[in-house]
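Containing mmCIF, C-alpha atoms: run16.cif.
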data_entry
loop_
_atom_site.group_PDB
_atom_site.id
_atom_site.type_symbol
_atom_site.label_atom_id
_atom_site.label_comp_id
_atom_site.auth_asym_id
_atom_site.auth_seq_id
_atom_site.Cartn_x
_atom_site.Cartn_y
_atom_site.Cartn_z
ATOM 1 C CA MET B 1 33.632 -2.928 -8.323
ATOM 2 C CA THR B 2 33.531 -4.811 -5.016
ATOM 3 C CA GLU B 3 33.035 -3.111 -1.707
ATOM 4 C CA THR B 4 35.787 -3.604 0.854
ATOM 5 C CA PRO B 5 34.535 -5.893 3.656
ATOM 6 C CA SER B 6 33.953 -4.139 6.963
ATOM 7 C CA ARG B 7 36.740 -4.332 9.552
ATOM 8 C CA PRO B 8 36.125 -5.839 12.985
ATOM 9 C CA ASP B 9 36.052 -2.358 14.544
ATOM 10 C CA THR B 10 33.314 -1.096 12.209
ATOM 11 C CA PRO B 11 29.569 -1.539 12.853
ATOM 12 C CA PRO B 12 27.881 -4.548 11.234
ATOM 13 C CA THR B 13 26.341 -3.768 7.846
ATOM 14 C CA ILE B 14 22.629 -4.353 7.339
ATOM 15 C CA VAL B 15 21.500 -4.256 3.708
ATOM 16 C CA ILE B 16 17.792 -3.789 3.035
ATOM 17 C CA VAL B 17 16.707 -4.772 -0.466
ATOM 18 C CA GLY B 18 13.697 -2.621 -1.363
ATOM 19 C CA GLY B 19 13.048 0.944 -0.261
ATOM 20 C CA GLY B 20 9.272 1.052 -0.324
ATOM 21 C CA VAL B 21 7.274 1.384 2.879
ATOM 22 C CA SER B 22 8.385 -1.970 4.348
ATOM 23 C CA GLY B 23 12.078 -1.454 3.661
ATOM 24 C CA ALA B 24 12.052 2.210 4.634
ATOM 25 C CA VAL B 25 10.257 1.511 7.914
ATOM 26 C CA ALA B 26 12.792 -1.233 8.723
ATOM 27 C CA ALA B 27 15.678 1.175 8.065
ATOM 28 C CA HIS B 28 13.959 3.960 9.992
ATOM 29 C CA GLN B 29 13.384 1.753 13.033
ATOM 30 C CA LEU B 30 16.992 0.524 13.040
ATOM 31 C CA ALA B 31 18.294 4.080 12.847
ATOM 32 C CA ARG B 32 15.948 5.300 15.611
ATOM 33 C CA ARG B 33 16.216 2.378 18.006
ATOM 34 C CA ALA B 34 19.912 1.547 17.588
ATOM 35 C CA PRO B 35 21.666 4.760 16.479
ATOM 36 C CA GLY B 36 25.227 4.121 15.372
ATOM 37 C CA GLU B 37 25.106 0.377 16.022
ATOM 38 C CA PHE B 38 24.727 -0.593 12.361
ATOM 39 C CA ARG B 39 25.684 0.629 8.955
ATOM 40 C CA ILE B 40 22.270 0.689 7.244
ATOM 41 C CA VAL B 41 22.155 0.461 3.441
ATOM 42 C CA VAL B 42 18.904 0.484 1.460
ATOM 43 C CA VAL B 43 19.022 -0.747 -2.141
ATOM 44 C CA GLU B 44 16.200 0.961 -4.047
ATOM 45 C CA PRO B 45 16.195 2.084 -7.722
ATOM 46 C CA ARG B 46 13.713 4.926 -7.168
ATOM 47 C CA PRO B 47 15.167 8.341 -6.313
ATOM 48 C CA ARG B 48 13.246 8.564 -3.033
ATOM 49 C CA LEU B 49 12.774 6.064 -0.234
ATOM 50 C CA GLY B 50 9.424 5.313 1.347
ATOM 51 C CA ALA B 51 6.911 5.443 -1.482
ATOM 52 C CA GLY B 52 7.662 2.226 -3.349
ATOM 53 C CA LEU B 53 5.256 0.840 -5.922
ATOM 54 C CA ALA B 54 2.089 1.292 -3.859
ATOM 55 C CA TYR B 55 2.572 4.946 -2.923
ATOM 56 C CA SER B 56 4.246 6.189 -6.098
ATOM 57 C CA SER B 57 0.952 6.235 -8.009
ATOM 58 C CA VAL B 58 0.241 9.648 -9.502
ATOM 59 C CA ASP B 59 -3.391 8.806 -10.281
ATOM 60 C CA PRO B 60 -5.507 11.043 -8.021
ATOM 61 C CA ALA B 61 -8.169 8.308 -7.900
ATOM 62 C CA HIS B 62 -5.815 6.017 -5.980
ATOM 63 C CA ARG B 63 -6.277 6.555 -2.243
ATOM 64 C CA ILE B 64 -5.044 4.885 0.911
ATOM 65 C CA ASN B 65 -7.407 2.079 1.889
ATOM 66 C CA VAL B 66 -7.470 2.696 5.644
ATOM 67 C CA PRO B 67 -8.131 5.999 7.445
ATOM 68 C CA ALA B 68 -5.132 8.272 7.872
ATOM 69 C CA SER B 69 -5.525 8.050 11.648
ATOM 70 C CA ARG B 70 -4.595 4.356 11.431
ATOM 71 C CA MET B 71 -1.467 4.784 9.295
ATOM 72 C CA THR B 72 1.943 5.800 10.558
ATOM 73 C CA PHE B 73 5.629 5.461 9.793
ATOM 74 C CA VAL B 74 6.410 5.431 13.526
ATOM 75 C CA PRO B 75 4.756 2.508 15.387
ATOM 76 C CA SER B 76 5.235 4.223 18.748
ATOM 77 C CA ASP B 77 3.363 7.283 17.444
ATOM 78 C CA PRO B 78 0.099 6.078 15.830
ATOM 79 C CA CYS B 79 -1.042 9.635 15.000
ATOM 80 C CA HIS B 80 2.218 10.645 13.292
ATOM 81 C CA PHE B 81 0.811 10.640 9.747
ATOM 82 C CA ASP B 82 -2.478 12.189 10.816
ATOM 83 C CA ARG B 83 -0.662 15.160 12.387
ATOM 84 C CA TRP B 84 1.642 15.505 9.373
ATOM 85 C CA LEU B 85 -1.380 15.451 7.065
ATOM 86 C CA LYS B 86 -3.128 18.257 8.932
ATOM 87 C CA ALA B 87 0.046 20.364 9.119
ATOM 88 C CA ASP B 88 0.872 19.789 5.439
ATOM 89 C CA GLY B 89 -2.440 21.144 4.186
ATOM 90 C CA ALA B 90 -2.920 18.401 1.583
ATOM 91 C CA LEU B 91 -6.548 17.951 2.606
ATOM 92 C CA LYS B 92 -7.404 21.556 1.715
ATOM 93 C CA GLU B 93 -6.579 20.768 -1.916
ATOM 94 C CA ASP B 94 -8.498 17.483 -1.820
ATOM 95 C CA PRO B 95 -11.882 17.890 -0.091
ATOM 96 C CA GLU B 96 -13.021 14.493 -1.413
ATOM 97 C CA ALA B 97 -10.519 12.854 0.936
ATOM 98 C CA LEU B 98 -12.765 13.518 3.933
ATOM 99 C CA THR B 99 -15.793 11.367 4.746
ATOM 100 C CA GLU B 100 -18.899 12.660 6.482
ATOM 101 C CA ASP B 101 -17.695 11.373 9.843
ATOM 102 C CA GLY B 102 -14.358 13.203 9.518
ATOM 103 C CA ARG B 103 -12.060 10.333 8.521
ATOM 104 C CA ALA B 104 -9.400 11.117 5.930
ATOM 105 C CA PHE B 105 -8.499 8.925 2.935
ATOM 106 C CA PRO B 106 -5.902 11.031 1.080
ATOM 107 C CA ARG B 107 -4.306 10.103 -2.211
ATOM 108 C CA ARG B 108 -1.660 7.424 -1.980
ATOM 109 C CA SER B 109 0.960 9.750 -3.417
ATOM 110 C CA VAL B 110 0.455 11.963 -0.343
ATOM 111 C CA PHE B 111 1.403 9.097 1.977
ATOM 112 C CA GLY B 112 4.390 8.406 -0.276
ATOM 113 C CA ARG B 113 5.534 12.006 0.159
ATOM 114 C CA TYR B 114 5.043 11.749 3.916
ATOM 115 C CA ALA B 115 7.114 8.552 4.045
ATOM 116 C CA ALA B 116 9.902 10.135 1.979
ATOM 117 C CA GLU B 117 9.988 13.266 4.144
ATOM 118 C CA THR B 118 10.020 11.204 7.354
ATOM 119 C CA ILE B 119 13.061 9.157 6.385
ATOM 120 C CA GLU B 120 14.910 11.906 4.486
ATOM 121 C CA PRO B 121 16.697 13.423 7.534
ATOM 122 C CA TYR B 122 18.340 10.059 8.234
ATOM 123 C CA VAL B 123 19.492 9.790 4.620
ATOM 124 C CA LEU B 124 20.875 13.336 4.588
ATOM 125 C CA SER B 125 22.775 12.726 7.827
ATOM 126 C CA GLY B 126 24.292 9.499 6.491
ATOM 127 C CA GLU B 127 22.662 7.317 9.152
ATOM 128 C CA ILE B 128 20.870 5.541 6.299
ATOM 129 C CA GLU B 129 22.604 5.061 2.949
ATOM 130 C CA HIS B 130 20.519 4.899 -0.200
ATOM 131 C CA VAL B 131 22.048 2.953 -3.084
ATOM 132 C CA GLN B 132 20.000 3.768 -6.165
ATOM 133 C CA ALA B 133 20.206 0.463 -8.016
ATOM 134 C CA LEU B 134 18.533 -2.910 -8.356
ATOM 135 C CA ALA B 135 19.723 -5.959 -6.444
ATOM 136 C CA THR B 136 20.330 -8.606 -9.112
ATOM 137 C CA GLY B 137 21.687 -11.457 -7.021
ATOM 138 C CA VAL B 138 22.719 -12.564 -3.544
ATOM 139 C CA ALA B 139 25.069 -15.258 -2.273
ATOM 140 C CA LEU B 140 26.167 -16.410 1.168
ATOM 141 C CA ASP B 141 29.967 -16.332 1.477
ATOM 142 C CA ASP B 142 31.689 -17.348 4.703
ATOM 143 C CA GLY B 143 28.771 -16.248 6.863
ATOM 144 C CA ARG B 144 28.254 -12.896 5.113
ATOM 145 C CA TYR B 145 25.998 -11.891 2.240
ATOM 146 C CA ARG B 146 27.256 -10.616 -1.088
ATOM 147 C CA ILE B 147 24.637 -8.620 -2.972
ATOM 148 C CA GLN B 148 25.194 -7.936 -6.666
ATOM 149 C CA LEU B 149 23.817 -4.654 -8.001
ATOM 150 C CA SER B 150 22.597 -3.560 -11.421
ATOM 151 C CA ASN B 151 25.293 -0.857 -11.579
ATOM 152 C CA GLY B 152 28.038 -3.482 -11.408
ATOM 153 C CA ALA B 153 28.879 -2.907 -7.757
ATOM 154 C CA GLU B 154 28.663 -5.422 -4.940
ATOM 155 C CA LEU B 155 27.699 -4.964 -1.292
ATOM 156 C CA THR B 156 28.850 -7.133 1.576
ATOM 157 C CA ALA B 157 26.449 -7.446 4.492
ATOM 158 C CA ASP B 158 26.293 -9.064 7.907
ATOM 159 C CA GLY B 159 22.498 -9.031 7.800
ATOM 160 C CA LEU B 160 20.036 -8.955 4.921
ATOM 161 C CA VAL B 161 16.429 -7.732 4.929
ATOM 162 C CA PHE B 162 14.416 -8.620 1.830
ATOM 163 C CA ALA B 163 11.643 -6.042 1.374
ATOM 164 C CA ALA B 164 11.275 -5.986 -2.404
ATOM 165 C CA THR B 165 7.872 -5.712 -4.012
ATOM 166 C CA HIS B 166 6.140 -8.439 -5.990
ATOM 167 C CA PRO B 167 7.283 -8.871 -9.609
ATOM 168 C CA ARG B 168 5.404 -7.301 -12.481
ATOM 169 C CA PRO B 169 2.448 -9.438 -13.657
ATOM 170 C CA SER B 170 3.193 -12.124 -16.202
ATOM 171 C CA THR B 171 0.751 -13.206 -18.887
ATOM 172 C CA PRO B 172 -1.621 -15.942 -17.662
ATOM 173 C CA ALA B 173 -1.672 -18.999 -19.899
ATOM 174 C CA ALA B 174 -5.349 -18.492 -20.736
ATOM 175 C CA VAL B 175 -4.747 -15.100 -22.381
ATOM 176 C CA ARG B 176 -1.367 -15.692 -24.022
ATOM 177 C CA PRO B 177 -3.009 -15.910 -27.472
ATOM 178 C CA LEU B 178 -4.055 -12.243 -26.954
ATOM 179 C CA GLU B 179 -0.536 -10.938 -26.263
ATOM 180 C CA GLY B 180 0.168 -7.901 -28.392
ATOM 181 C CA ASP B 181 -3.479 -6.843 -28.580
ATOM 182 C CA PRO B 182 -3.609 -3.187 -27.417
ATOM 183 C CA ARG B 183 -6.881 -3.903 -25.598
ATOM 184 C CA LEU B 184 -5.133 -6.357 -23.248
ATOM 185 C CA VAL B 185 -3.762 -4.598 -20.153
ATOM 186 C CA LEU B 186 -1.331 -6.832 -18.273
ATOM 187 C CA ASP B 187 0.082 -4.272 -15.848
ATOM 188 C CA ALA B 188 -2.597 -1.933 -14.529
ATOM 189 C CA GLN B 189 -0.045 -0.112 -12.338
ATOM 190 C CA ARG B 190 1.623 1.411 -15.394
ATOM 191 C CA GLY B 191 0.669 5.077 -15.611
ATOM 192 C CA ASP B 192 -0.646 4.947 -19.181
ATOM 193 C CA ALA B 193 -2.153 1.462 -18.901
ATOM 194 C CA LEU B 194 -5.772 2.551 -19.442
ATOM 195 C CA ASN B 195 -5.177 5.190 -22.102
ATOM 196 C CA GLY B 196 -6.179 2.878 -24.930
ATOM 197 C CA LEU B 197 -9.622 2.034 -23.541
ATOM 198 C CA ALA B 198 -12.554 3.764 -25.226
ATOM 199 C CA PRO B 199 -15.009 5.467 -22.817
ATOM 200 C CA ASP B 200 -17.850 3.127 -23.842
ATOM 201 C CA ALA B 201 -15.779 -0.093 -24.008
ATOM 202 C CA ARG B 202 -16.870 -3.204 -22.168
ATOM 203 C CA VAL B 203 -14.129 -3.958 -19.619
ATOM 204 C CA LEU B 204 -13.350 -7.335 -18.056
ATOM 205 C CA ILE B 205 -11.149 -7.262 -14.939
ATOM 206 C CA VAL B 206 -9.645 -10.585 -13.872
ATOM 207 C CA GLY B 207 -9.389 -10.399 -10.085
ATOM 208 C CA THR B 208 -11.549 -8.654 -7.494
ATOM 209 C CA GLY B 209 -8.986 -7.393 -4.985
ATOM 210 C CA LEU B 210 -7.685 -3.904 -4.301
ATOM 211 C CA THR B 211 -6.082 -3.588 -7.742
ATOM 212 C CA MET B 212 -9.538 -4.059 -9.247
ATOM 213 C CA ALA B 213 -10.803 -1.217 -7.047
ATOM 214 C CA ASP B 214 -7.943 0.972 -8.302
ATOM 215 C CA ILE B 215 -8.833 0.227 -11.925
ATOM 216 C CA VAL B 216 -12.513 1.002 -11.403
ATOM 217 C CA ALA B 217 -11.655 4.248 -9.611
ATOM 218 C CA SER B 218 -9.312 5.254 -12.438
ATOM 219 C CA LEU B 219 -11.923 4.467 -15.088
ATOM 220 C CA GLU B 220 -14.572 6.420 -13.182
ATOM 221 C CA ARG B 221 -12.274 9.445 -12.962
ATOM 222 C CA ARG B 222 -11.783 9.261 -16.734
ATOM 223 C CA GLY B 223 -15.544 9.307 -17.302
ATOM 224 C CA HIS B 224 -15.837 5.705 -18.435
ATOM 225 C CA ARG B 225 -19.381 4.835 -19.492
ATOM 226 C CA GLY B 226 -19.135 1.215 -20.585
ATOM 227 C CA PRO B 227 -20.008 -1.805 -18.435
ATOM 228 C CA ILE B 228 -17.322 -3.230 -16.158
ATOM 229 C CA VAL B 229 -17.306 -6.867 -15.060
ATOM 230 C CA ALA B 230 -14.845 -8.268 -12.493
ATOM 231 C CA VAL B 231 -14.341 -12.006 -11.998
ATOM 232 C CA SER B 232 -12.280 -14.083 -9.594
ATOM 233 C CA ARG B 233 -12.110 -17.643 -8.362
ATOM 234 C CA ARG B 234 -13.936 -16.826 -5.141
ATOM 235 C CA GLY B 235 -16.000 -13.872 -6.298
ATOM 236 C CA LEU B 236 -15.115 -11.882 -3.186
ATOM 237 C CA THR B 237 -14.249 -8.195 -3.027
ATOM 238 C CA SER B 238 -12.167 -6.381 -0.431
ATOM 239 C CA ARG B 239 -14.111 -5.446 2.670
ATOM 240 C CA GLY B 240 -15.246 -1.864 3.072
ATOM 241 C CA HIS B 241 -14.889 0.213 6.202
ATOM 242 C CA ASP B 242 -17.622 0.455 8.770
ATOM 243 C CA GLY B 243 -19.506 3.720 8.764
ATOM 244 C CA PRO B 244 -20.065 5.866 11.830
ATOM 245 C CA ALA B 245 -21.500 4.059 14.817
ATOM 246 C CA GLY B 246 -25.280 4.138 14.981
ATOM 247 C CA ASP B 247 -28.113 2.611 16.945
ATOM 248 C CA ASN B 248 -27.973 -1.094 17.612
ATOM 249 C CA ILE B 249 -30.609 -2.320 15.153
ATOM 250 C CA GLY B 250 -31.503 -5.974 14.898
ATOM 251 C CA ASP B 251 -30.455 -7.229 18.326
ATOM 252 C CA PHE B 252 -33.167 -9.648 19.450
ATOM 253 C CA SER B 253 -31.307 -11.157 22.409
ATOM 254 C CA ASP B 254 -32.594 -8.759 25.061
ATOM 255 C CA ARG B 255 -36.136 -10.215 24.892
ATOM 256 C CA PRO B 256 -35.810 -13.674 23.341
ATOM 257 C CA GLU B 257 -38.961 -14.776 21.531
ATOM 258 C CA ARG B 258 -40.400 -18.202 22.187
ATOM 259 C CA ARG B 259 -42.380 -18.349 18.938
ATOM 260 C CA ALA B 260 -40.912 -18.152 15.446
ATOM 261 C CA SER B 261 -43.847 -16.069 14.204
ATOM 262 C CA ARG B 262 -43.202 -13.393 16.853
ATOM 263 C CA LEU B 263 -39.486 -13.341 16.026
ATOM 264 C CA LEU B 264 -40.279 -12.980 12.318
ATOM 265 C CA LEU B 265 -42.587 -10.063 13.081
ATOM 266 C CA ARG B 266 -39.860 -8.318 15.085
ATOM 267 C CA ILE B 267 -37.324 -8.869 12.296
ATOM 268 C CA ARG B 268 -39.680 -7.353 9.703
ATOM 269 C CA ARG B 269 -40.306 -4.324 11.899
ATOM 270 C CA ALA B 270 -36.540 -3.897 12.491
ATOM 271 C CA VAL B 271 -35.918 -4.000 8.725
ATOM 272 C CA GLN B 272 -38.591 -1.355 8.148
ATOM 273 C CA ALA B 273 -37.131 0.854 10.897
ATOM 274 C CA ALA B 274 -33.624 0.523 9.480
ATOM 275 C CA GLU B 275 -34.625 1.760 6.044
#
Rewrite the structure of this file - the entire thing - as structure tokens.
Amino acid sequence: MTETPSRPDTPPTIVIVGGGVSGAVAAHQLARRAPGEFRIVVVEPRPRLGAGLAYSSVDPAHRINVPASRMTFVPSDPCHFDRWLKADGALKEDPEALTEDGRAFPRRSVFGRYAAETIEPYVLSGEIEHVQALATGVALDDGRYRIQLSNGAELTADGLVFAATHPRPSTPAAVRPLEGDPRLVLDAQRGDALNGLAPDARVLIVGTGLTMADIVASLERRGHRGPIVAVSRRGLTSRGHDGPAGDNIGDFSDRPERRASRLLLRIRRAVQAAE
């Protein structure tokens, strides 16, 4: 089945491949900022737009990695998610989401639900069309894009936005001899990926980014007792968030010392005071 090309008197068609946060925000902004000027089509196999891979996780240990007050679906309204979160009541069911200084780090699935609810009115009104399929190919034909879909259909577009997620992990060459071993987890995002790990098993995580943090959080929630070692080429982990502002400890520029011994003494006293 091939879609009939748009006529000159119809709005240009913009096809967005990928309906996670990036694709959904792009569609949402087009619909809000230029209502009626485009036909907006989002190609996304999931039943809801907005959550994508990152915010579809059902593991309660997986949380957003920045405070809720700094996340929003509406760039012109930086507190949009924060207000939605307080009105929704999700924090009442998840007291661990709040830090001592009042910042909120809710579960990622909560942000996914917020994103879906924010864009849903535009989908229901027809301002944004959701094609529940995978994009399997794209070709440029006489200045327009032809996008092949997994359901056998084809879309014709005047503009194309590529907002698809990264592909599923492939097996690194170094561990290919271990393929098929149930103890080898290649895709940690799969819901049952860690089910086969014994509570006291030694776990090696290759990579020290945010996915590693997700795995450790999931293992901790399951009561894992065995040692966990994470390795990477650079040995760096993702940066944490600053705590609440406190006294300025360790600033020696207000009274510069002329002798190294006096500076060392001040540093030692500052360290003792900061304990």
At a cut-off of 9 Å, using only C-alpha atoms, what residues contact stretch 169-182 of chain B? Leave out same-chain residues fewer than 5 positions from it and give the result as a compact mmCIF listing (two decimals) with C-alpha atoms, in the frame of the given file.
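Result written to out.txt:
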# COMPACT_ATOMS: atom_id res chain seq x y z
CA ASP B 187 0.08 -4.27 -15.85
CA GLY B 196 -6.18 2.88 -24.93
CA LEU B 197 -9.62 2.03 -23.54
Quick check on the file I pasted: which residues fall under the PyMOL selection byres ((chain B and resi 266) around 12)? Write them as a compact mmCIF listing (two decimals) with C-alpha atoms, in the frame of the given file.
# COMPACT_ATOMS: atom_id res chain seq x y z
CA ILE B 249 -30.61 -2.32 15.15
CA GLY B 250 -31.50 -5.97 14.90
CA ASP B 251 -30.46 -7.23 18.33
CA PHE B 252 -33.17 -9.65 19.45
CA SER B 253 -31.31 -11.16 22.41
CA ARG B 255 -36.14 -10.22 24.89
CA PRO B 256 -35.81 -13.67 23.34
CA GLU B 257 -38.96 -14.78 21.53
CA ARG B 259 -42.38 -18.35 18.94
CA ALA B 260 -40.91 -18.15 15.45
CA SER B 261 -43.85 -16.07 14.20
CA ARG B 262 -43.20 -13.39 16.85
CA LEU B 263 -39.49 -13.34 16.03
CA LEU B 264 -40.28 -12.98 12.32
CA LEU B 265 -42.59 -10.06 13.08
CA ILE B 267 -37.32 -8.87 12.30
CA ARG B 268 -39.68 -7.35 9.70
CA ARG B 269 -40.31 -4.32 11.90
CA ALA B 270 -36.54 -3.90 12.49
CA VAL B 271 -35.92 -4.00 8.72
CA GLN B 272 -38.59 -1.36 8.15
CA ALA B 273 -37.13 0.85 10.90
Self-check item: Separation of atom CA of B:Thr208 from atom CA of B:Val231 in Å
Solution: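 Rounded to one decimal, the two atoms are 6.3 Å apart.
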Could you spell out the hits of the PyMOL selection byres ((chain B and resi 138) around 12) on the shown file, as a PDB file with C-alpha atoms, in the frame of the given file?
ATOM      1  CA  VAL B  15      21.500  -4.256   3.708  1.00  0.00           C
ATOM      2  CA  VAL B  17      16.707  -4.772  -0.466  1.00  0.00           C
ATOM      3  CA  LEU B 134      18.533  -2.910  -8.356  1.00  0.00           C
ATOM      4  CA  ALA B 135      19.723  -5.959  -6.444  1.00  0.00           C
ATOM      5  CA  THR B 136      20.330  -8.606  -9.112  1.00  0.00           C
ATOM      6  CA  GLY B 137      21.687 -11.457  -7.021  1.00  0.00           C
ATOM      7  CA  ALA B 139      25.069 -15.258  -2.273  1.00  0.00           C
ATOM      8  CA  LEU B 140      26.167 -16.410   1.168  1.00  0.00           C
ATOM      9  CA  ASP B 141      29.967 -16.332   1.477  1.00  0.00           C
ATOM     10  CA  ARG B 144      28.254 -12.896   5.113  1.00  0.00           C
ATOM     11  CA  TYR B 145      25.998 -11.891   2.240  1.00  0.00           C
ATOM     12  CA  ARG B 146      27.256 -10.616  -1.088  1.00  0.00           C
ATOM     13  CA  ILE B 147      24.637  -8.620  -2.972  1.00  0.00           C
ATOM     14  CA  GLN B 148      25.194  -7.936  -6.666  1.00  0.00           C
ATOM     15  CA  LEU B 149      23.817  -4.654  -8.001  1.00  0.00           C
ATOM     16  CA  SER B 150      22.597  -3.560 -11.421  1.00  0.00           C
ATOM     17  CA  GLU B 154      28.663  -5.422  -4.940  1.00  0.00           C
ATOM     18  CA  LEU B 155      27.699  -4.964  -1.292  1.00  0.00           C
ATOM     19  CA  THR B 156      28.850  -7.133   1.576  1.00  0.00           C
ATOM     20  CA  ALA B 157      26.449  -7.446   4.492  1.00  0.00           C
ATOM     21  CA  GLY B 159      22.498  -9.031   7.800  1.00  0.00           C
ATOM     22  CA  LEU B 160      20.036  -8.955   4.921  1.00  0.00           C
ATOM     23  CA  VAL B 161      16.429  -7.732   4.929  1.00  0.00           C
ATOM     24  CA  PHE B 162      14.416  -8.620   1.830  1.00  0.00           C
TER      25      PHE B 162
END
Practice problem: Rounded to one decimal place, report the atom CA of B:Gly152-atom CA of B:Ala115 distance in Å. | Solution: 28.7 Å
Quiz item: Which residues fall under the PyMOL selection byres ((chain B and resi 124-129) around 10) in this file, as a list in words?
Solution: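 Selected by the PyMOL selection byres ((chain B and resi 124-129) around 10) here: Val15, Ala24, Ala27, His28, Leu30, Ala31, Arg32, Pro35, Gly36, Phe38, Arg39, Ile40, Val41, Val42, Val43, Ile119, Glu120, Pro121, Tyr122, Val123, His130, Val131 and Gln132 of chain B.
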Take the selection from the previous step and output its residues with C-alpha atoms, as a PDB file, in the coordinates of the input.
ATOM      1  CA  VAL B  15      21.500  -4.256   3.708  1.00  0.00           C
ATOM      2  CA  ALA B  24      12.052   2.210   4.634  1.00  0.00           C
ATOM      3  CA  ALA B  27      15.678   1.175   8.065  1.00  0.00           C
ATOM      4  CA  HIS B  28      13.959   3.960   9.992  1.00  0.00           C
ATOM      5  CA  LEU B  30      16.992   0.524  13.040  1.00  0.00           C
ATOM      6  CA  ALA B  31      18.294   4.080  12.847  1.00  0.00           C
ATOM      7  CA  ARG B  32      15.948   5.300  15.611  1.00  0.00           C
ATOM      8  CA  PRO B  35      21.666   4.760  16.479  1.00  0.00           C
ATOM      9  CA  GLY B  36      25.227   4.121  15.372  1.00  0.00           C
ATOM     10  CA  PHE B  38      24.727  -0.593  12.361  1.00  0.00           C
ATOM     11  CA  ARG B  39      25.684   0.629   8.955  1.00  0.00           C
ATOM     12  CA  ILE B  40      22.270   0.689   7.244  1.00  0.00           C
ATOM     13  CA  VAL B  41      22.155   0.461   3.441  1.00  0.00           C
ATOM     14  CA  VAL B  42      18.904   0.484   1.460  1.00  0.00           C
ATOM     15  CA  VAL B  43      19.022  -0.747  -2.141  1.00  0.00           C
ATOM     16  CA  ILE B 119      13.061   9.157   6.385  1.00  0.00           C
ATOM     17  CA  GLU B 120      14.910  11.906   4.486  1.00  0.00           C
ATOM     18  CA  PRO B 121      16.697  13.423   7.534  1.00  0.00           C
ATOM     19  CA  TYR B 122      18.340  10.059   8.234  1.00  0.00           C
ATOM     20  CA  VAL B 123      19.492   9.790   4.620  1.00  0.00           C
ATOM     21  CA  HIS B 130      20.519   4.899  -0.200  1.00  0.00           C
ATOM     22  CA  VAL B 131      22.048   2.953  -3.084  1.00  0.00           C
ATOM     23  CA  GLN B 132      20.000   3.768  -6.165  1.00  0.00           C
TER      24      GLN B 132
END
Quiz item: Within 9 Å of B:Met71, counting all atoms listed in the file, which residues qualify if same-chain residues fewer than 6 places away don't, as a list in words?
Solution: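 That gives Pro78, Cys79, His80, Phe81, Asp82 and Phe111 of chain B.
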Quick one: residues within 8 Å of B:Ala163, all atoms listed in the file counted, chain neighbours fewer than 2 positions away excluded, as a compact mmCIF listing (two decimals) with C-alpha atoms, keeping the file's coordinate frame?
# COMPACT_ATOMS: atom_id res chain seq x y z
CA ILE B 16 17.79 -3.79 3.04
CA VAL B 17 16.71 -4.77 -0.47
CA GLY B 18 13.70 -2.62 -1.36
CA GLY B 19 13.05 0.94 -0.26
CA GLY B 20 9.27 1.05 -0.32
CA SER B 22 8.38 -1.97 4.35
CA GLY B 23 12.08 -1.45 3.66
CA VAL B 161 16.43 -7.73 4.93
CA THR B 165 7.87 -5.71 -4.01
Quiz item: Smallest atom-to-atom distance to B:Thr211: which of B:Ala133, B:Leu85, B:Ala90, B:Arg190, using all atoms listed in the file?
Solution: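 Looking only at the distances to B:Thr211, the closest residue turns out to be B:Arg190.
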Quiz item: Hey, can you check how far atom CA of B:Asp200 sits from atom CA of B:Ser218?
Solution: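 If I compute the distance from atom CA of B:Asp200 to atom CA of B:Ser218, I get 14.4 Å.
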Quiz prompt | Spatial neighbours of B:Val25, 8 Å, only C-alpha atoms, chain gap at least 3 places, as a ChimeraX atom specification | solution = /B:21-22,28-29,50,73-74
